[in-house]
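Listing of structure01.cif, mmCIF, C-alpha atoms
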data_data
#
loop_
_atom_site.group_PDB
_atom_site.id
_atom_site.type_symbol
_atom_site.label_atom_id
_atom_site.label_comp_id
_atom_site.auth_asym_id
_atom_site.auth_seq_id
_atom_site.Cartn_x
_atom_site.Cartn_y
_atom_site.Cartn_z
ATOM 1 C CA MET A 1 -4.403 55.909 104.223
ATOM 2 C CA LYS A 2 -7.418 56.668 102.041
ATOM 3 C CA ILE A 3 -9.382 59.801 102.924
ATOM 4 C CA LEU A 4 -12.719 61.067 101.577
ATOM 5 C CA SER A 5 -12.558 64.880 101.833
ATOM 6 C CA ILE A 6 -15.866 66.702 101.295
ATOM 7 C CA GLN A 7 -15.182 70.440 101.166
ATOM 8 C CA SER A 8 -15.284 73.593 99.081
ATOM 9 C CA HIS A 9 -12.799 74.291 96.293
ATOM 10 C CA VAL A 10 -11.145 77.442 94.986
ATOM 11 C CA ALA A 11 -9.154 77.740 91.756
ATOM 12 C CA TYR A 12 -7.036 80.676 92.955
ATOM 13 C CA GLY A 13 -5.301 80.201 96.278
ATOM 14 C CA HIS A 14 -5.928 77.706 99.028
ATOM 15 C CA ALA A 15 -9.124 77.058 100.977
ATOM 16 C CA GLY A 16 -11.230 73.986 101.629
ATOM 17 C CA ASN A 17 -10.061 71.058 99.526
ATOM 18 C CA SER A 18 -7.625 73.400 97.785
ATOM 19 C CA ALA A 19 -5.870 73.691 101.145
ATOM 20 C CA ALA A 20 -6.404 70.154 102.466
ATOM 21 C CA VAL A 21 -5.749 67.814 99.544
ATOM 22 C CA PHE A 22 -2.136 68.717 98.747
ATOM 23 C CA PRO A 23 -0.829 68.318 102.337
ATOM 24 C CA LEU A 24 -2.570 64.949 102.601
ATOM 25 C CA GLN A 25 -1.090 63.807 99.305
ATOM 26 C CA ARG A 26 2.365 65.148 100.227
ATOM 27 C CA LEU A 27 2.220 62.960 103.317
ATOM 28 C CA GLY A 28 1.530 59.955 101.115
ATOM 29 C CA HIS A 29 -2.215 59.533 101.524
ATOM 30 C CA GLU A 30 -4.771 58.813 98.808
ATOM 31 C CA VAL A 31 -7.494 61.469 98.748
ATOM 32 C CA TYR A 32 -10.944 61.350 97.184
ATOM 33 C CA PRO A 33 -11.884 65.070 97.013
ATOM 34 C CA VAL A 34 -15.586 65.855 96.710
ATOM 35 C CA LEU A 35 -16.411 69.517 96.044
ATOM 36 C CA THR A 36 -19.300 71.402 97.644
ATOM 37 C CA VAL A 37 -18.599 74.630 95.737
ATOM 38 C CA THR A 38 -16.146 75.539 93.004
ATOM 39 C CA PHE A 39 -15.224 79.197 93.287
ATOM 40 C CA SER A 40 -12.625 81.322 91.561
ATOM 41 C CA ASN A 41 -11.202 82.334 94.953
ATOM 42 C CA HIS A 42 -12.179 82.422 98.615
ATOM 43 C CA THR A 43 -14.839 84.943 99.570
ATOM 44 C CA GLY A 44 -12.467 86.938 101.768
ATOM 45 C CA TYR A 45 -11.462 88.896 98.657
ATOM 46 C CA GLY A 46 -14.902 90.501 98.633
ATOM 47 C CA SER A 47 -16.011 88.922 95.380
ATOM 48 C CA SER A 48 -15.775 85.514 93.772
ATOM 49 C CA ARG A 49 -17.237 83.643 90.843
ATOM 50 C CA GLY A 50 -18.423 80.113 90.403
ATOM 51 C CA PRO A 51 -21.259 77.822 91.434
ATOM 52 C CA LEU A 52 -22.517 76.263 94.589
ATOM 53 C CA ILE A 53 -22.969 72.564 93.922
ATOM 54 C CA ALA A 54 -26.433 71.207 94.662
ATOM 55 C CA PRO A 55 -26.601 68.739 97.549
ATOM 56 C CA SER A 56 -28.090 66.121 95.218
ATOM 57 C CA GLU A 57 -25.081 66.466 92.893
ATOM 58 C CA ILE A 58 -22.650 66.182 95.807
ATOM 59 C CA ALA A 59 -24.484 63.030 96.837
ATOM 60 C CA ASP A 60 -24.219 61.680 93.277
ATOM 61 C CA VAL A 61 -20.448 62.091 93.269
ATOM 62 C CA ILE A 62 -20.191 60.313 96.611
ATOM 63 C CA ARG A 63 -22.449 57.538 95.344
ATOM 64 C CA GLY A 64 -20.184 57.116 92.327
ATOM 65 C CA ILE A 65 -17.164 56.692 94.597
ATOM 66 C CA GLU A 66 -19.108 54.100 96.568
ATOM 67 C CA GLU A 67 -19.986 52.263 93.359
ATOM 68 C CA ARG A 68 -16.290 51.943 92.564
ATOM 69 C CA GLY A 69 -15.981 49.823 95.723
ATOM 70 C CA ALA A 70 -13.960 52.432 97.634
ATOM 71 C CA PHE A 71 -15.944 52.653 100.871
ATOM 72 C CA PRO A 72 -14.584 49.501 102.606
ATOM 73 C CA HIS A 73 -11.063 50.886 102.137
ATOM 74 C CA ILE A 74 -11.654 54.473 103.295
ATOM 75 C CA ASP A 75 -9.867 55.174 106.585
ATOM 76 C CA ALA A 76 -11.376 58.588 107.287
ATOM 77 C CA VAL A 77 -13.899 61.177 106.133
ATOM 78 C CA LEU A 78 -12.882 64.832 106.433
ATOM 79 C CA SER A 79 -15.263 67.788 106.247
ATOM 80 C CA GLY A 80 -14.932 71.539 106.699
ATOM 81 C CA TYR A 81 -17.211 74.490 105.951
ATOM 82 C CA GLN A 82 -20.842 73.437 105.542
ATOM 83 C CA GLY A 83 -22.796 76.248 103.932
ATOM 84 C CA ALA A 84 -26.229 74.701 104.370
ATOM 85 C CA GLU A 85 -27.903 72.031 106.454
ATOM 86 C CA ALA A 86 -28.699 70.056 103.293
ATOM 87 C CA VAL A 87 -24.986 69.772 102.512
ATOM 88 C CA GLY A 88 -24.331 68.685 106.095
ATOM 89 C CA GLU A 89 -26.954 65.984 105.770
ATOM 90 C CA VAL A 90 -25.246 64.648 102.637
ATOM 91 C CA ILE A 91 -21.942 64.544 104.515
ATOM 92 C CA LEU A 92 -23.460 62.737 107.500
ATOM 93 C CA ASP A 93 -25.101 60.220 105.177
ATOM 94 C CA ALA A 94 -21.721 59.578 103.546
ATOM 95 C CA VAL A 95 -20.106 59.119 106.962
ATOM 96 C CA THR A 96 -22.794 56.616 107.955
ATOM 97 C CA ARG A 97 -22.332 54.602 104.763
ATOM 98 C CA VAL A 98 -18.534 54.648 104.946
ATOM 99 C CA LYS A 99 -18.648 53.420 108.540
ATOM 100 C CA ALA A 100 -21.115 50.694 107.583
ATOM 101 C CA ALA A 101 -18.585 49.491 104.998
ATOM 102 C CA ASN A 102 -15.564 49.994 107.268
ATOM 103 C CA PRO A 103 -16.423 50.225 110.999
ATOM 104 C CA SER A 104 -12.897 51.375 111.844
ATOM 105 C CA ALA A 105 -13.164 54.483 109.630
ATOM 106 C CA LEU A 106 -13.050 57.848 111.425
ATOM 107 C CA TYR A 107 -14.944 61.075 110.796
ATOM 108 C CA CYS A 108 -12.952 64.277 111.299
ATOM 109 C CA CYS A 109 -15.076 67.434 111.325
ATOM 110 C CA ASP A 110 -13.840 71.003 111.340
ATOM 111 C CA PRO A 111 -16.968 72.764 112.715
ATOM 112 C CA VAL A 112 -16.421 76.001 110.796
ATOM 113 C CA MET A 113 -18.714 78.774 111.997
ATOM 114 C CA GLY A 114 -16.738 81.807 113.149
ATOM 115 C CA ASP A 115 -13.675 83.244 114.845
ATOM 116 C CA VAL A 116 -12.569 85.759 117.439
ATOM 117 C CA GLY A 117 -12.954 89.306 116.112
ATOM 118 C CA ARG A 118 -15.208 88.240 113.236
ATOM 119 C CA GLY A 119 -17.990 86.505 115.101
ATOM 120 C CA PHE A 120 -20.151 84.073 113.167
ATOM 121 C CA PHE A 121 -19.704 84.118 109.393
ATOM 122 C CA VAL A 122 -22.032 81.261 108.474
ATOM 123 C CA ARG A 123 -25.744 81.550 107.831
ATOM 124 C CA PRO A 124 -28.151 81.415 110.814
ATOM 125 C CA GLY A 125 -28.897 77.871 111.932
ATOM 126 C CA ILE A 126 -25.571 76.370 110.848
ATOM 127 C CA PRO A 127 -23.865 76.700 114.273
ATOM 128 C CA GLU A 128 -26.778 74.933 115.951
ATOM 129 C CA PHE A 129 -26.825 72.253 113.234
ATOM 130 C CA LEU A 130 -23.121 71.617 113.756
ATOM 131 C CA ARG A 131 -23.528 71.499 117.526
ATOM 132 C CA ASP A 132 -26.601 69.292 117.648
ATOM 133 C CA GLU A 133 -26.312 67.051 114.572
ATOM 134 C CA VAL A 134 -22.731 66.930 113.332
ATOM 135 C CA VAL A 135 -20.448 67.049 116.366
ATOM 136 C CA PRO A 136 -22.072 64.048 118.118
ATOM 137 C CA LEU A 137 -21.341 61.867 115.060
ATOM 138 C CA ALA A 138 -17.697 62.938 114.687
ATOM 139 C CA ASP A 139 -14.702 61.025 116.022
ATOM 140 C CA ILE A 140 -12.364 64.018 115.761
ATOM 141 C CA ILE A 141 -13.365 67.675 115.855
ATOM 142 C CA THR A 142 -11.093 70.657 115.264
ATOM 143 C CA PRO A 143 -12.769 73.862 116.507
ATOM 144 C CA ASN A 144 -10.955 77.098 117.191
ATOM 145 C CA GLN A 145 -11.472 78.676 120.606
ATOM 146 C CA PHE A 146 -14.414 80.806 119.458
ATOM 147 C CA GLU A 147 -16.162 77.730 118.080
ATOM 148 C CA LEU A 148 -15.387 75.681 121.183
ATOM 149 C CA GLU A 149 -16.889 78.388 123.368
ATOM 150 C CA PHE A 150 -20.085 78.310 121.309
ATOM 151 C CA LEU A 151 -20.277 74.533 121.403
ATOM 152 C CA VAL A 152 -20.136 74.468 125.219
ATOM 153 C CA GLY A 153 -21.989 77.755 125.776
ATOM 154 C CA ARG A 154 -19.415 79.635 127.844
ATOM 155 C CA SER A 155 -16.187 81.625 127.622
ATOM 156 C CA LEU A 156 -12.863 79.940 128.366
ATOM 157 C CA ALA A 157 -10.232 81.870 130.274
ATOM 158 C CA SER A 158 -7.594 79.267 131.148
ATOM 159 C CA ALA A 159 -5.928 76.126 129.823
ATOM 160 C CA HIS A 160 -7.947 74.168 132.386
ATOM 161 C CA ASP A 161 -11.154 75.695 131.009
ATOM 162 C CA VAL A 162 -10.205 74.602 127.487
ATOM 163 C CA VAL A 163 -9.502 71.025 128.567
ATOM 164 C CA GLU A 164 -12.714 70.899 130.578
ATOM 165 C CA ALA A 165 -14.715 72.161 127.594
ATOM 166 C CA ALA A 166 -13.051 69.623 125.304
ATOM 167 C CA ASP A 167 -13.937 66.853 127.739
ATOM 168 C CA GLU A 168 -17.530 68.044 127.729
ATOM 169 C CA LEU A 169 -17.610 67.733 123.939
ATOM 170 C CA ARG A 170 -15.975 64.331 124.168
ATOM 171 C CA SER A 171 -18.821 63.199 126.410
ATOM 172 C CA ARG A 172 -21.205 63.988 123.530
ATOM 173 C CA GLY A 173 -19.479 61.723 121.002
ATOM 174 C CA PRO A 174 -16.033 62.715 119.655
ATOM 175 C CA GLU A 175 -13.004 60.878 121.005
ATOM 176 C CA VAL A 176 -10.501 63.579 120.031
ATOM 177 C CA VAL A 177 -10.786 67.365 120.260
ATOM 178 C CA LEU A 178 -8.091 69.538 118.697
ATOM 179 C CA VAL A 179 -8.549 73.202 119.583
ATOM 180 C CA THR A 180 -6.718 74.811 116.707
ATOM 181 C CA SER A 181 -5.973 78.204 118.267
ATOM 182 C CA THR A 182 -6.143 79.092 121.950
ATOM 183 C CA LEU A 183 -5.288 82.327 123.700
ATOM 184 C CA THR A 184 -5.911 82.190 127.448
ATOM 185 C CA ARG A 185 -4.321 83.715 130.539
ATOM 186 C CA ASP A 186 -1.966 80.705 130.550
ATOM 187 C CA THR A 187 -0.684 81.350 127.013
ATOM 188 C CA PRO A 188 2.835 82.849 127.067
ATOM 189 C CA GLU A 189 3.057 86.438 125.871
ATOM 190 C CA GLY A 190 3.616 86.660 122.131
ATOM 191 C CA ALA A 191 2.537 83.064 121.563
ATOM 192 C CA ILE A 192 -0.480 81.073 120.419
ATOM 193 C CA GLN A 193 -1.340 77.488 121.282
ATOM 194 C CA MET A 194 -3.052 74.370 119.970
ATOM 195 C CA THR A 195 -4.615 72.020 122.498
ATOM 196 C CA CYS A 196 -5.341 68.340 121.914
ATOM 197 C CA VAL A 197 -7.549 66.403 124.332
ATOM 198 C CA THR A 198 -8.273 62.662 124.253
ATOM 199 C CA SER A 199 -8.976 59.909 126.774
ATOM 200 C CA GLU A 200 -5.206 59.366 126.910
ATOM 201 C CA GLY A 201 -4.388 62.899 128.069
ATOM 202 C CA ALA A 202 -4.178 66.548 127.057
ATOM 203 C CA TRP A 203 -1.311 68.328 125.326
ATOM 204 C CA VAL A 204 -0.528 71.913 124.348
ATOM 205 C CA ALA A 205 1.732 73.013 121.483
ATOM 206 C CA THR A 206 3.087 76.565 121.652
ATOM 207 C CA THR A 207 4.342 78.621 118.708
ATOM 208 C CA PRO A 208 4.986 82.358 118.179
ATOM 209 C CA LEU A 209 1.912 84.460 117.439
ATOM 210 C CA LEU A 210 2.032 85.942 113.949
ATOM 211 C CA PRO A 211 0.520 89.398 113.321
ATOM 212 C CA THR A 212 -1.853 88.136 110.640
ATOM 213 C CA THR A 213 -4.028 85.187 109.664
ATOM 214 C CA PHE A 214 -4.519 83.465 106.337
ATOM 215 C CA LYS A 215 -7.662 82.088 104.745
ATOM 216 C CA GLY A 216 -7.564 78.309 104.598
ATOM 217 C CA GLY A 217 -5.211 77.947 107.553
ATOM 218 C CA GLY A 218 -7.777 76.006 109.539
ATOM 219 C CA ASP A 219 -8.360 73.667 106.592
ATOM 220 C CA VAL A 220 -4.646 72.870 106.506
ATOM 221 C CA VAL A 221 -4.570 72.263 110.260
ATOM 222 C CA SER A 222 -7.491 69.818 110.164
ATOM 223 C CA ALA A 223 -6.003 67.866 107.259
ATOM 224 C CA LEU A 224 -2.544 67.712 108.801
ATOM 225 C CA PHE A 225 -3.828 66.638 112.192
ATOM 226 C CA LEU A 226 -6.052 63.931 110.744
ATOM 227 C CA ALA A 227 -3.148 62.553 108.722
ATOM 228 C CA HIS A 228 -0.682 62.584 111.607
ATOM 229 C CA TYR A 229 -3.232 61.279 114.105
ATOM 230 C CA LEU A 230 -3.949 58.290 111.863
ATOM 231 C CA THR A 231 -0.279 57.371 111.648
ATOM 232 C CA ASP A 232 1.325 58.796 114.805
ATOM 233 C CA GLY A 233 -1.328 59.329 117.491
ATOM 234 C CA PRO A 234 -2.451 62.499 119.294
ATOM 235 C CA SER A 235 0.650 64.004 120.901
ATOM 236 C CA VAL A 236 3.021 63.465 117.972
ATOM 237 C CA GLY A 237 0.233 64.459 115.616
ATOM 238 C CA LEU A 238 -0.217 67.719 117.519
ATOM 239 C CA ALA A 239 3.500 68.511 117.457
ATOM 240 C CA ARG A 240 3.859 67.871 113.743
ATOM 241 C CA THR A 241 0.693 69.764 112.877
ATOM 242 C CA ALA A 242 1.723 72.829 114.884
ATOM 243 C CA ALA A 243 5.254 72.771 113.465
ATOM 244 C CA THR A 244 4.165 72.528 109.831
ATOM 245 C CA THR A 245 1.431 75.134 110.190
ATOM 246 C CA TYR A 246 3.695 77.663 111.883
ATOM 247 C CA THR A 247 6.488 77.198 109.334
ATOM 248 C CA ILE A 248 4.159 77.662 106.359
ATOM 249 C CA LEU A 249 2.381 80.685 107.831
ATOM 250 C CA GLU A 250 5.575 82.345 109.069
ATOM 251 C CA ARG A 251 7.227 82.031 105.675
ATOM 252 C CA THR A 252 4.052 83.175 103.933
ATOM 253 C CA HIS A 253 3.984 86.265 106.158
ATOM 254 C CA ALA A 254 7.678 86.952 105.584
ATOM 255 C CA ALA A 255 7.137 86.767 101.818
ATOM 256 C CA GLY A 256 4.221 89.203 101.987
ATOM 257 C CA SER A 257 1.959 86.743 100.195
ATOM 258 C CA GLU A 258 -1.808 86.944 100.614
ATOM 259 C CA GLU A 259 -2.111 83.205 99.943
ATOM 260 C CA MET A 260 -0.393 80.396 101.849
ATOM 261 C CA LEU A 261 2.805 79.109 100.251
ATOM 262 C CA LEU A 262 1.701 75.502 100.480
ATOM 263 C CA VAL A 263 3.536 74.200 97.436
ATOM 264 C CA GLN A 264 6.652 76.313 97.904
ATOM 265 C CA GLU A 265 6.993 75.221 101.544
ATOM 266 C CA GLN A 266 6.079 71.581 101.052
ATOM 267 C CA ALA A 267 9.270 70.461 102.790
ATOM 268 C CA ALA A 268 7.657 71.666 106.015
ATOM 269 C CA ILE A 269 4.807 69.228 105.344
ATOM 270 C CA ALA A 270 7.027 66.246 104.628
ATOM 271 C CA SER A 271 9.584 66.993 107.360
ATOM 272 C CA PRO A 272 8.068 69.065 110.207
ATOM 273 C CA ASP A 273 10.335 71.054 112.516
ATOM 274 C CA THR A 274 11.002 68.944 115.628
ATOM 275 C CA SER A 275 11.701 71.928 117.899
ATOM 276 C CA VAL A 276 8.069 72.945 118.539
ATOM 277 C CA HIS A 277 7.417 72.666 122.269
ATOM 278 C CA VAL A 278 4.593 70.333 123.312
ATOM 279 C CA SER A 279 3.729 69.930 126.988
ATOM 280 C CA GLN A 280 1.365 67.400 128.531
ATOM 281 C CA ILE A 281 -1.089 69.155 130.852
ATOM 282 C CA ARG A 282 -3.060 66.102 131.925
#
Let's see the structure in the file written out as structure tokens.
Amino acid sequence: MKILSIQSHVAYGHAGNSAAVFPLQRLGHEVYPVLTVTFSNHTGYGSSRGPLIAPSEIADVIRGIEERGAFPHIDAVLSGYQGAEAVGEVILDAVTRVKAANPSALYCCDPVMGDVGRGFFVRPGIPEFLRDEVVPLADIITPNQFELEFLVGRSLASAHDVVEAADELRSRGPEVVLVTSTLTRDTPEGAIQMTCVTSEGAWVATTPLLPTTFKGGGDVVSALFLAHYLTDGPSVGLARTAATTYTILERTHAAGSEEMLLVQEQAAIASPDTSVHVSQIR
């Protein structure tokens, strides 16, 4: 597959395209990475250096890719953190033009805006922009539970609530909703779940809950799921995404590393653990 990935970039560590591109390439896909920022490191360290890239310059890069004749061959557009509405508008314009050139192309959006315990960490107006302008144009969205709750305007206490909320989002445009981390009263103790909902059904993958999180983890999940969905469909895609993500994060935690061991644990990308439990709940 050929994937246009429009995201941030860090030189040190893994976040945005620095987290998404390598897994996609390791799975054999061609990636056209377009950068929205180029920072020394992710901002979770408290300080970083490097420039934001002007929306007009992002658009120029995308236009150059189009001029090379790539758009008719692009299978999917992937986006993550959108720091400003102007950047989001550039991304949506690119999606529209890619789909005009290849109507079968998909748009996968990770609607990054916040998380449980942290609340919103994007600038005011971005959550509403994602909800009202971006999500309706996406084919696949990959919110976490906090983001899903914002998008539907209510809290979600059960697996049924999560599926119902995903179906509500699907009625607004996306065909596929992957909820990247769910903790409800139906989640087994000491575990965390991913939930995938499509018109074909709903599935839950369950893995052990680790005592920490890693920056860029959501970017890896979105890239992995898009890749596996394109080649294997929703349920197998969910299983392989959950297996790879858990293996990488568990080994990163065991090593005491503050950055994901993406390169060191690339075997988990190429050959996901087949023992991750996935159950169909609809």
Do you know which residues are at most 7 Å from stretch 16-22 of chain A counting only C-alpha atoms, after dropping those on the same chain fewer than 2 positions away, and could you put them as a PyMOL selection string? chain A and resi 7-10+14+24-26+31+33+80+216+219-220+223
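When the distance limit is 12 Å and all atoms listed in the file are what count, the residues near A:Leu210, minus those fewer than 5 positions from it on the same chain, are Ser181, Glu189, Gly190, Ala191, Ile192, Gln193, Thr245, Tyr246, Thr247, Ile248, Leu249, Glu250, Arg251, Thr252, His253 and Ala254 of chain A.
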Please write as an MDAnalysis selection string the list of polymer residues whose atoms come within 9 Å of (-20.8, 64.9, 112.0), counting all atoms listed in the file and keeping to the coordinates of the file. chainID A and resid 79 88:89 91:92 95 107:109 111 130 133:139 141
Within 9 Å of A:Val163 using all atoms listed in the file, minus same-chain residues under 5 positions, as a PyMOL selection string: chain A and resi 158+168+195-197+202+281-282
How would the residues just chosen look if you wrote them out with C-alpha atoms as a compact mmCIF listing (two decimals), keeping the file's coordinate frame?
# COMPACT_ATOMS: atom_id res chain seq x y z
CA SER A 158 -7.59 79.27 131.15
CA GLU A 168 -17.53 68.04 127.73
CA THR A 195 -4.62 72.02 122.50
CA CYS A 196 -5.34 68.34 121.91
CA VAL A 197 -7.55 66.40 124.33
CA ALA A 202 -4.18 66.55 127.06
CA ILE A 281 -1.09 69.16 130.85
CA ARG A 282 -3.06 66.10 131.93
With only C-alpha atoms as the basis for distance, which of A:Asp115, A:Glu175, A:His42, A:Arg170 is at the shortest distance from A:Glu149?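 Of A:Asp115, A:Glu175, A:His42, A:Arg170, the one nearest A:Glu149 is A:Asp115, counting only C-alpha atoms.
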Among listed residues A:Thr207, A:Met194, A:Gln264, A:Ser47, nearest A:Gly237 (using all atoms listed in the file): A:Met194
The PyMOL selection byres ((chain A and resi 144) around 6) on the file shown: which residues, as an MDAnalysis selection string? chainID A and resid 143 145:147 179:181
One-decimal distance in Å that lies between atom CA of A:Thr244 and atom CA of A:Ser275: 11.1 Å
Which is closest to A:Phe214 among A:Gly50, A:Pro23, A:Gly173, A:Gly256, if we use all atoms listed in the file?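 Under the stated criterion, the closest residue is A:Gly256.
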If you count only C-alpha atoms, the residue of A:Phe71, A:Tyr229, A:Tyr12, A:Phe120 closest to A:Asn102 turns out to be A:Phe71
Counting only C-alpha atoms, the option among A:Asp167, A:Glu85, A:Asp60, A:Glu66 closest to A:Ser199: A:Asp167
Check which residues satisfy the PyMOL selection byres ((chain A and resi 121) around 12) in the file shown, then give them as a VMD selection string. chain A and resid 43 to 44 81 to 83 112 to 120 122 to 127 146 to 147
Residue among A:Thr241, A:Val90, A:Glu258, A:Gln280 lying closest to A:Leu226, counting all atoms listed in the file: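 Closest residue, counting all atoms listed in the file: A:Thr241.
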Could you work out how far atom CA of A:His228 lies from atom CA of A:Arg185, giving the answer in Å with one decimal?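 That distance, rounded to one decimal, is 28.6 Å.
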Could you list, as JSON, numbers by chain, every residue matched by the PyMOL selection byres ((chain A and resi 240) around 10) in this structure? {"A": [205, 224, 225, 228, 229, 232, 234, 235, 236, 237, 238, 239, 241, 242, 243, 244, 245, 246, 268, 269, 270, 271, 272, 273, 274, 275, 276, 278]}
Mind working out the centre and edge lengths of an axis-aligned box for stretch 175-192 of chain A, all listed atoms inside, 5 Å added to each side, rounded to one decimal in Å and written as AutoDock Vina command-line options?
--center_x -4.7 --center_y 73.8 --center_z 123.6 --size_x 26.6 --size_y 35.8 --size_z 23.8
